[in-house]
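> See start.cif below, with mmCIF, N, CA and C atoms.
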```
data_run
loop_
_atom_site.label_atom_id
_atom_site.label_comp_id
_atom_site.auth_asym_id
_atom_site.auth_seq_id
_atom_site.Cartn_x
_atom_site.Cartn_y
_atom_site.Cartn_z
N MET A 32 74.53 64.32 98.64
CA MET A 32 75.62 63.96 99.50
C MET A 32 76.15 65.22 100.19
N GLU A 33 76.25 65.18 101.46
CA GLU A 33 76.78 66.29 102.23
C GLU A 33 78.26 66.07 102.50
N THR A 34 78.97 67.16 102.64
CA THR A 34 80.39 67.07 102.93
C THR A 34 80.78 68.21 103.85
N THR A 35 81.94 68.12 104.40
CA THR A 35 82.48 69.16 105.28
C THR A 35 83.70 69.75 104.60
N ILE A 36 83.85 71.06 104.67
CA ILE A 36 85.02 71.71 104.11
C ILE A 36 85.71 72.51 105.20
N GLN A 37 87.00 72.73 105.00
CA GLN A 37 87.76 73.54 105.94
C GLN A 37 88.01 74.89 105.30
N ILE A 38 87.74 75.94 106.05
CA ILE A 38 88.00 77.30 105.58
C ILE A 38 88.71 78.07 106.69
N SER A 39 89.37 79.11 106.29
CA SER A 39 90.10 79.93 107.27
C SER A 39 89.12 80.75 108.10
N LYS A 40 89.59 81.23 109.21
CA LYS A 40 88.75 82.08 110.06
C LYS A 40 88.39 83.37 109.34
N SER A 41 89.32 83.89 108.54
CA SER A 41 89.02 85.14 107.83
C SER A 41 87.92 84.94 106.80
N LEU A 42 87.93 83.79 106.10
CA LEU A 42 86.86 83.50 105.14
C LEU A 42 85.53 83.30 105.87
N LEU A 43 85.56 82.62 106.98
CA LEU A 43 84.35 82.43 107.77
C LEU A 43 83.77 83.78 108.19
N ASN A 44 84.63 84.70 108.60
CA ASN A 44 84.16 86.03 109.00
C ASN A 44 83.53 86.76 107.82
N GLU A 45 84.12 86.62 106.63
CA GLU A 45 83.55 87.25 105.43
C GLU A 45 82.19 86.65 105.10
N LEU A 46 82.06 85.33 105.20
CA LEU A 46 80.78 84.69 104.94
C LEU A 46 79.73 85.13 105.96
N LYS A 47 80.13 85.28 107.20
CA LYS A 47 79.21 85.75 108.24
C LYS A 47 78.66 87.13 107.90
N LYS A 48 79.53 88.00 107.36
CA LYS A 48 79.11 89.36 107.01
C LYS A 48 78.07 89.35 105.89
N ARG A 49 78.13 88.34 105.04
CA ARG A 49 77.25 88.29 103.88
C ARG A 49 75.91 87.62 104.15
N LYS A 50 75.76 87.04 105.34
CA LYS A 50 74.49 86.40 105.68
C LYS A 50 73.41 87.47 105.82
N LEU A 51 72.24 87.17 105.26
CA LEU A 51 71.13 88.11 105.34
C LEU A 51 70.39 88.01 106.67
N GLY A 52 70.60 86.94 107.37
CA GLY A 52 69.98 86.76 108.68
C GLY A 52 70.69 85.65 109.41
N ASP A 53 70.43 85.55 110.71
CA ASP A 53 71.10 84.53 111.52
C ASP A 53 70.78 83.11 111.06
N LYS A 54 69.58 82.92 110.49
CA LYS A 54 69.16 81.57 110.12
C LYS A 54 69.57 81.19 108.70
N GLU A 55 70.15 82.14 107.94
CA GLU A 55 70.59 81.80 106.58
C GLU A 55 71.80 80.87 106.65
N SER A 56 71.79 79.83 105.85
CA SER A 56 72.89 78.87 105.86
C SER A 56 74.08 79.40 105.07
N TYR A 57 75.25 78.87 105.39
CA TYR A 57 76.43 79.24 104.63
C TYR A 57 76.31 78.73 103.19
N GLU A 58 75.62 77.62 103.00
CA GLU A 58 75.40 77.12 101.64
C GLU A 58 74.66 78.16 100.81
N ASN A 59 73.63 78.77 101.38
CA ASN A 59 72.89 79.81 100.64
C ASN A 59 73.77 81.02 100.34
N VAL A 60 74.62 81.39 101.28
CA VAL A 60 75.53 82.51 101.06
C VAL A 60 76.46 82.19 99.89
N ILE A 61 77.00 80.98 99.87
CA ILE A 61 77.92 80.58 98.81
C ILE A 61 77.20 80.51 97.47
N TRP A 62 75.97 79.98 97.45
CA TRP A 62 75.19 79.93 96.20
C TRP A 62 74.95 81.34 95.67
N ASP A 63 74.65 82.27 96.55
CA ASP A 63 74.43 83.66 96.13
C ASP A 63 75.69 84.23 95.49
N LEU A 64 76.83 83.92 96.06
CA LEU A 64 78.10 84.40 95.51
C LEU A 64 78.39 83.76 94.16
N LEU A 65 78.10 82.48 94.03
CA LEU A 65 78.34 81.77 92.78
C LEU A 65 77.41 82.25 91.67
N GLU A 66 76.23 82.64 92.04
CA GLU A 66 75.24 83.08 91.06
C GLU A 66 75.79 84.20 90.18
N ASP A 67 76.60 85.06 90.75
CA ASP A 67 77.16 86.18 89.99
C ASP A 67 78.05 85.71 88.84
N SER A 68 78.65 84.54 88.98
CA SER A 68 79.56 84.08 87.94
C SER A 68 78.92 83.04 87.01
N MET A 69 77.66 82.71 87.26
CA MET A 69 76.98 81.72 86.43
C MET A 69 76.51 82.36 85.13
N GLU A 70 76.20 81.54 84.18
CA GLU A 70 75.74 81.99 82.87
C GLU A 70 74.48 82.84 83.01
N ILE A 71 74.47 83.96 82.31
CA ILE A 71 73.28 84.82 82.34
C ILE A 71 72.32 84.38 81.24
N SER A 72 71.07 84.67 81.41
CA SER A 72 70.04 84.24 80.47
C SER A 72 70.16 84.97 79.14
N GLU A 73 69.57 84.40 78.11
CA GLU A 73 69.56 85.04 76.79
C GLU A 73 68.84 86.39 76.84
N GLU A 74 67.77 86.45 77.63
CA GLU A 74 67.01 87.70 77.76
C GLU A 74 67.90 88.80 78.36
N THR A 75 68.67 88.44 79.37
CA THR A 75 69.57 89.40 80.00
C THR A 75 70.65 89.84 79.03
N LYS A 76 71.18 88.89 78.25
CA LYS A 76 72.19 89.25 77.24
C LYS A 76 71.62 90.24 76.24
N LYS A 77 70.37 90.01 75.82
CA LYS A 77 69.74 90.90 74.85
C LYS A 77 69.53 92.28 75.47
N ASP A 78 69.09 92.32 76.72
CA ASP A 78 68.89 93.60 77.41
C ASP A 78 70.20 94.36 77.55
N LEU A 79 71.27 93.65 77.88
CA LEU A 79 72.58 94.29 78.01
C LEU A 79 73.05 94.86 76.68
N GLU A 80 72.86 94.12 75.60
CA GLU A 80 73.26 94.61 74.29
C GLU A 80 72.46 95.85 73.91
N GLU A 81 71.17 95.85 74.19
CA GLU A 81 70.32 97.01 73.90
C GLU A 81 70.80 98.22 74.71
N SER A 82 71.14 97.99 75.96
CA SER A 82 71.62 99.07 76.82
C SER A 82 72.94 99.63 76.30
N ARG A 83 73.83 98.75 75.84
CA ARG A 83 75.11 99.21 75.29
C ARG A 83 74.88 100.10 74.07
N LYS A 84 73.96 99.69 73.20
CA LYS A 84 73.65 100.48 71.99
C LYS A 84 73.10 101.85 72.37
N GLU A 85 72.18 101.88 73.33
CA GLU A 85 71.61 103.15 73.77
C GLU A 85 72.70 104.05 74.35
N PHE A 86 73.62 103.47 75.10
CA PHE A 86 74.72 104.25 75.67
C PHE A 86 75.59 104.83 74.56
N GLU A 87 75.94 103.98 73.58
CA GLU A 87 76.78 104.44 72.47
C GLU A 87 76.10 105.53 71.66
N GLN A 88 74.78 105.51 71.59
CA GLN A 88 74.02 106.51 70.85
C GLN A 88 73.77 107.77 71.68
N GLY A 89 74.24 107.76 72.91
CA GLY A 89 74.08 108.92 73.77
C GLY A 89 72.70 109.06 74.38
N LYS A 90 71.96 107.99 74.40
CA LYS A 90 70.60 108.01 74.96
C LYS A 90 70.63 107.75 76.46
N VAL A 91 71.50 108.44 77.13
CA VAL A 91 71.64 108.29 78.58
C VAL A 91 71.71 109.67 79.22
N LYS A 92 71.42 109.71 80.51
CA LYS A 92 71.52 110.96 81.26
C LYS A 92 72.31 110.69 82.53
N THR A 93 73.02 111.70 82.95
CA THR A 93 73.76 111.57 84.20
C THR A 93 72.78 111.73 85.36
N LEU A 94 73.22 111.30 86.53
CA LEU A 94 72.40 111.46 87.73
C LEU A 94 72.13 112.94 87.97
N ALA A 95 73.12 113.77 87.73
CA ALA A 95 72.96 115.22 87.92
C ALA A 95 71.87 115.76 87.00
N GLN A 96 71.83 115.28 85.75
CA GLN A 96 70.81 115.72 84.81
C GLN A 96 69.41 115.31 85.28
N VAL A 97 69.28 114.10 85.73
CA VAL A 97 67.98 113.61 86.20
C VAL A 97 67.53 114.40 87.42
N LYS A 98 68.45 114.64 88.35
CA LYS A 98 68.11 115.43 89.54
C LYS A 98 67.64 116.83 89.16
N LYS A 99 68.34 117.43 88.19
CA LYS A 99 67.96 118.77 87.74
C LYS A 99 66.56 118.76 87.13
N GLU A 100 66.28 117.77 86.28
CA GLU A 100 64.97 117.66 85.65
C GLU A 100 63.86 117.45 86.67
N LEU A 101 64.17 116.68 87.72
CA LEU A 101 63.18 116.40 88.76
C LEU A 101 63.18 117.46 89.86
N LYS A 102 64.06 118.43 89.73
CA LYS A 102 64.20 119.50 90.71
C LYS A 102 64.48 118.98 92.12
N LEU A 103 65.43 118.07 92.17
CA LEU A 103 65.81 117.48 93.47
C LEU A 103 67.06 118.14 94.00
#
```
Written as structure tokens, that's how I'd like the structure from this file.


Amino acid sequence: METTIQISKSLLNELKKRKLGDKESYENVIWDLLEDSMEISEETKKDLEESRKEFEQGKVKTLAQVKKELKL
């Protein structure tokens, strides 16, 4: 079922800025925005927990350290 919604001009302008191309629909733009707040997968949760543990254990490097190691 399709429906029509009313939005302000300022919201329309924000949605226009987020379009990846002229042919992308506003529905796709809204779905992309909603995706950020949707439930993340169990695999992603596990990866995030592993990353947190590595961070707490100090198994991380700053960007400056990586640049120095790579001589950039």

> Measure the distance from atom N of Met32 (chain A) to CA of Glu58 (chain A) in Å and round it to one decimal.

13.2 Å

> For the structure provided, state which residues fall under the PyMOL selection byres (((chain A and resi 57 and name CA) around 12) and name CA), and present them as a list in words.

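When the PyMOL selection byres (((chain A and resi 57 and name CA) around 12) and name CA) is applied to the shown file, the picked residues are Thr35, Ile36, Ile38, Leu42, Leu43, Asn44, Glu45, Leu46, Lys47, Lys48, Arg49, Lys50, Leu51, Gly52, Asp53, Lys54, Glu55, Ser56, Glu58, Asn59, Val60, Ile61, Trp62, Asp63 and Leu64 of chain A.
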
> What does the distance between atom C of Lys90 (chain A) and atom N of Asp78 (chain A) come to in Å, to one decimal place?

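Here the two named atoms are 15.5 Å from each other.
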
> In Å, rounded to a single decimal, give me how far CA of Lys98 (chain A) is from atom C of Phe86 (chain A).

19.8 Å

> Pull the alpha helix (DSSP H) assignments for chain A out of DSSP run on the backbone, and list those residues as an mmCIF file with N, CA and C atoms, in the coordinates of the input.


```cif
data_model
loop_
_atom_site.group_PDB
_atom_site.id
_atom_site.type_symbol
_atom_site.label_atom_id
_atom_site.label_comp_id
_atom_site.auth_asym_id
_atom_site.auth_seq_id
_atom_site.Cartn_x
_atom_site.Cartn_y
_atom_site.Cartn_z
ATOM 1 N N LYS A 40 89.590 81.230 109.210
ATOM 2 C CA LYS A 40 88.750 82.080 110.060
ATOM 3 C C LYS A 40 88.390 83.370 109.340
ATOM 4 N N SER A 41 89.320 83.890 108.540
ATOM 5 C CA SER A 41 89.020 85.140 107.830
ATOM 6 C C SER A 41 87.920 84.940 106.800
ATOM 7 N N LEU A 42 87.930 83.790 106.100
ATOM 8 C CA LEU A 42 86.860 83.500 105.140
ATOM 9 C C LEU A 42 85.530 83.300 105.870
ATOM 10 N N LEU A 43 85.560 82.620 106.980
ATOM 11 C CA LEU A 43 84.350 82.430 107.770
ATOM 12 C C LEU A 43 83.770 83.780 108.190
ATOM 13 N N ASN A 44 84.630 84.700 108.600
ATOM 14 C CA ASN A 44 84.160 86.030 109.000
ATOM 15 C C ASN A 44 83.530 86.760 107.820
ATOM 16 N N GLU A 45 84.120 86.620 106.630
ATOM 17 C CA GLU A 45 83.550 87.250 105.430
ATOM 18 C C GLU A 45 82.190 86.650 105.100
ATOM 19 N N LEU A 46 82.060 85.330 105.200
ATOM 20 C CA LEU A 46 80.780 84.690 104.940
ATOM 21 C C LEU A 46 79.730 85.130 105.960
ATOM 22 N N LYS A 47 80.130 85.280 107.200
ATOM 23 C CA LYS A 47 79.210 85.750 108.240
ATOM 24 C C LYS A 47 78.660 87.130 107.900
ATOM 25 N N LYS A 48 79.530 88.000 107.360
ATOM 26 C CA LYS A 48 79.110 89.360 107.010
ATOM 27 C C LYS A 48 78.070 89.350 105.890
ATOM 28 N N ARG A 49 78.130 88.340 105.040
ATOM 29 C CA ARG A 49 77.250 88.290 103.880
ATOM 30 C C ARG A 49 75.910 87.620 104.150
ATOM 31 N N TYR A 57 75.250 78.870 105.390
ATOM 32 C CA TYR A 57 76.430 79.240 104.630
ATOM 33 C C TYR A 57 76.310 78.730 103.190
ATOM 34 N N GLU A 58 75.620 77.620 103.000
ATOM 35 C CA GLU A 58 75.400 77.120 101.640
ATOM 36 C C GLU A 58 74.660 78.160 100.810
ATOM 37 N N ASN A 59 73.630 78.770 101.380
ATOM 38 C CA ASN A 59 72.890 79.810 100.640
ATOM 39 C C ASN A 59 73.770 81.020 100.340
ATOM 40 N N VAL A 60 74.620 81.390 101.280
ATOM 41 C CA VAL A 60 75.530 82.510 101.060
ATOM 42 C C VAL A 60 76.460 82.190 99.890
ATOM 43 N N ILE A 61 77.000 80.980 99.870
ATOM 44 C CA ILE A 61 77.920 80.580 98.810
ATOM 45 C C ILE A 61 77.200 80.510 97.470
ATOM 46 N N TRP A 62 75.970 79.980 97.450
ATOM 47 C CA TRP A 62 75.190 79.930 96.200
ATOM 48 C C TRP A 62 74.950 81.340 95.670
ATOM 49 N N ASP A 63 74.650 82.270 96.550
ATOM 50 C CA ASP A 63 74.430 83.660 96.130
ATOM 51 C C ASP A 63 75.690 84.230 95.490
ATOM 52 N N LEU A 64 76.830 83.920 96.060
ATOM 53 C CA LEU A 64 78.100 84.400 95.510
ATOM 54 C C LEU A 64 78.390 83.760 94.160
ATOM 55 N N LEU A 65 78.100 82.480 94.030
ATOM 56 C CA LEU A 65 78.340 81.770 92.780
ATOM 57 C C LEU A 65 77.410 82.250 91.670
ATOM 58 N N GLU A 66 76.230 82.640 92.040
ATOM 59 C CA GLU A 66 75.240 83.080 91.060
ATOM 60 C C GLU A 66 75.790 84.200 90.180
ATOM 61 N N GLU A 73 69.570 84.400 78.110
ATOM 62 C CA GLU A 73 69.560 85.040 76.790
ATOM 63 C C GLU A 73 68.840 86.390 76.840
ATOM 64 N N GLU A 74 67.770 86.450 77.630
ATOM 65 C CA GLU A 74 67.010 87.700 77.760
ATOM 66 C C GLU A 74 67.900 88.800 78.360
ATOM 67 N N THR A 75 68.670 88.440 79.370
ATOM 68 C CA THR A 75 69.570 89.400 80.000
ATOM 69 C C THR A 75 70.650 89.840 79.030
ATOM 70 N N LYS A 76 71.180 88.890 78.250
ATOM 71 C CA LYS A 76 72.190 89.250 77.240
ATOM 72 C C LYS A 76 71.620 90.240 76.240
ATOM 73 N N LYS A 77 70.370 90.010 75.820
ATOM 74 C CA LYS A 77 69.740 90.900 74.850
ATOM 75 C C LYS A 77 69.530 92.280 75.470
ATOM 76 N N ASP A 78 69.090 92.320 76.720
ATOM 77 C CA ASP A 78 68.890 93.600 77.410
ATOM 78 C C ASP A 78 70.200 94.360 77.550
ATOM 79 N N LEU A 79 71.270 93.650 77.880
ATOM 80 C CA LEU A 79 72.580 94.290 78.010
ATOM 81 C C LEU A 79 73.050 94.860 76.680
ATOM 82 N N GLU A 80 72.860 94.120 75.600
ATOM 83 C CA GLU A 80 73.260 94.610 74.290
ATOM 84 C C GLU A 80 72.460 95.850 73.910
ATOM 85 N N GLU A 81 71.170 95.850 74.190
ATOM 86 C CA GLU A 81 70.320 97.010 73.900
ATOM 87 C C GLU A 81 70.800 98.220 74.710
ATOM 88 N N SER A 82 71.140 97.990 75.960
ATOM 89 C CA SER A 82 71.620 99.070 76.820
ATOM 90 C C SER A 82 72.940 99.630 76.300
ATOM 91 N N ARG A 83 73.830 98.750 75.840
ATOM 92 C CA ARG A 83 75.110 99.210 75.290
ATOM 93 C C ARG A 83 74.880 100.100 74.070
ATOM 94 N N LYS A 84 73.960 99.690 73.200
ATOM 95 C CA LYS A 84 73.650 100.480 71.990
ATOM 96 C C LYS A 84 73.100 101.850 72.370
ATOM 97 N N GLU A 85 72.180 101.880 73.330
ATOM 98 C CA GLU A 85 71.610 103.150 73.770
ATOM 99 C C GLU A 85 72.700 104.050 74.350
ATOM 100 N N PHE A 86 73.620 103.470 75.100
ATOM 101 C CA PHE A 86 74.720 104.250 75.670
ATOM 102 C C PHE A 86 75.590 104.830 74.560
ATOM 103 N N GLU A 87 75.940 103.980 73.580
ATOM 104 C CA GLU A 87 76.780 104.440 72.470
ATOM 105 C C GLU A 87 76.100 105.530 71.660
ATOM 106 N N LEU A 94 73.220 111.300 86.530
ATOM 107 C CA LEU A 94 72.400 111.460 87.730
ATOM 108 C C LEU A 94 72.130 112.940 87.970
ATOM 109 N N ALA A 95 73.120 113.770 87.730
ATOM 110 C CA ALA A 95 72.960 115.220 87.920
ATOM 111 C C ALA A 95 71.870 115.760 87.000
ATOM 112 N N GLN A 96 71.830 115.280 85.750
ATOM 113 C CA GLN A 96 70.810 115.720 84.810
ATOM 114 C C GLN A 96 69.410 115.310 85.280
ATOM 115 N N VAL A 97 69.280 114.100 85.730
ATOM 116 C CA VAL A 97 67.980 113.610 86.200
ATOM 117 C C VAL A 97 67.530 114.400 87.420
ATOM 118 N N LYS A 98 68.450 114.640 88.350
ATOM 119 C CA LYS A 98 68.110 115.430 89.540
ATOM 120 C C LYS A 98 67.640 116.830 89.160
ATOM 121 N N LYS A 99 68.340 117.430 88.190
ATOM 122 C CA LYS A 99 67.960 118.770 87.740
ATOM 123 C C LYS A 99 66.560 118.760 87.130
ATOM 124 N N GLU A 100 66.280 117.770 86.280
ATOM 125 C CA GLU A 100 64.970 117.660 85.650
ATOM 126 C C GLU A 100 63.860 117.450 86.670
ATOM 127 N N LEU A 101 64.170 116.680 87.720
ATOM 128 C CA LEU A 101 63.180 116.400 88.760
ATOM 129 C C LEU A 101 63.180 117.460 89.860
#
```

> Can you report as JSON the centre and edge lengths in Å, to one decimal, of an axis-aligned box around the listed atoms of region 33-50 of chain A padded with 3 Å on each side?


```
{"center_x": 81.8, "center_y": 77.3, "center_z": 105.8, "size_x": 22.7, "size_y": 30.2, "size_z": 14.6}
```
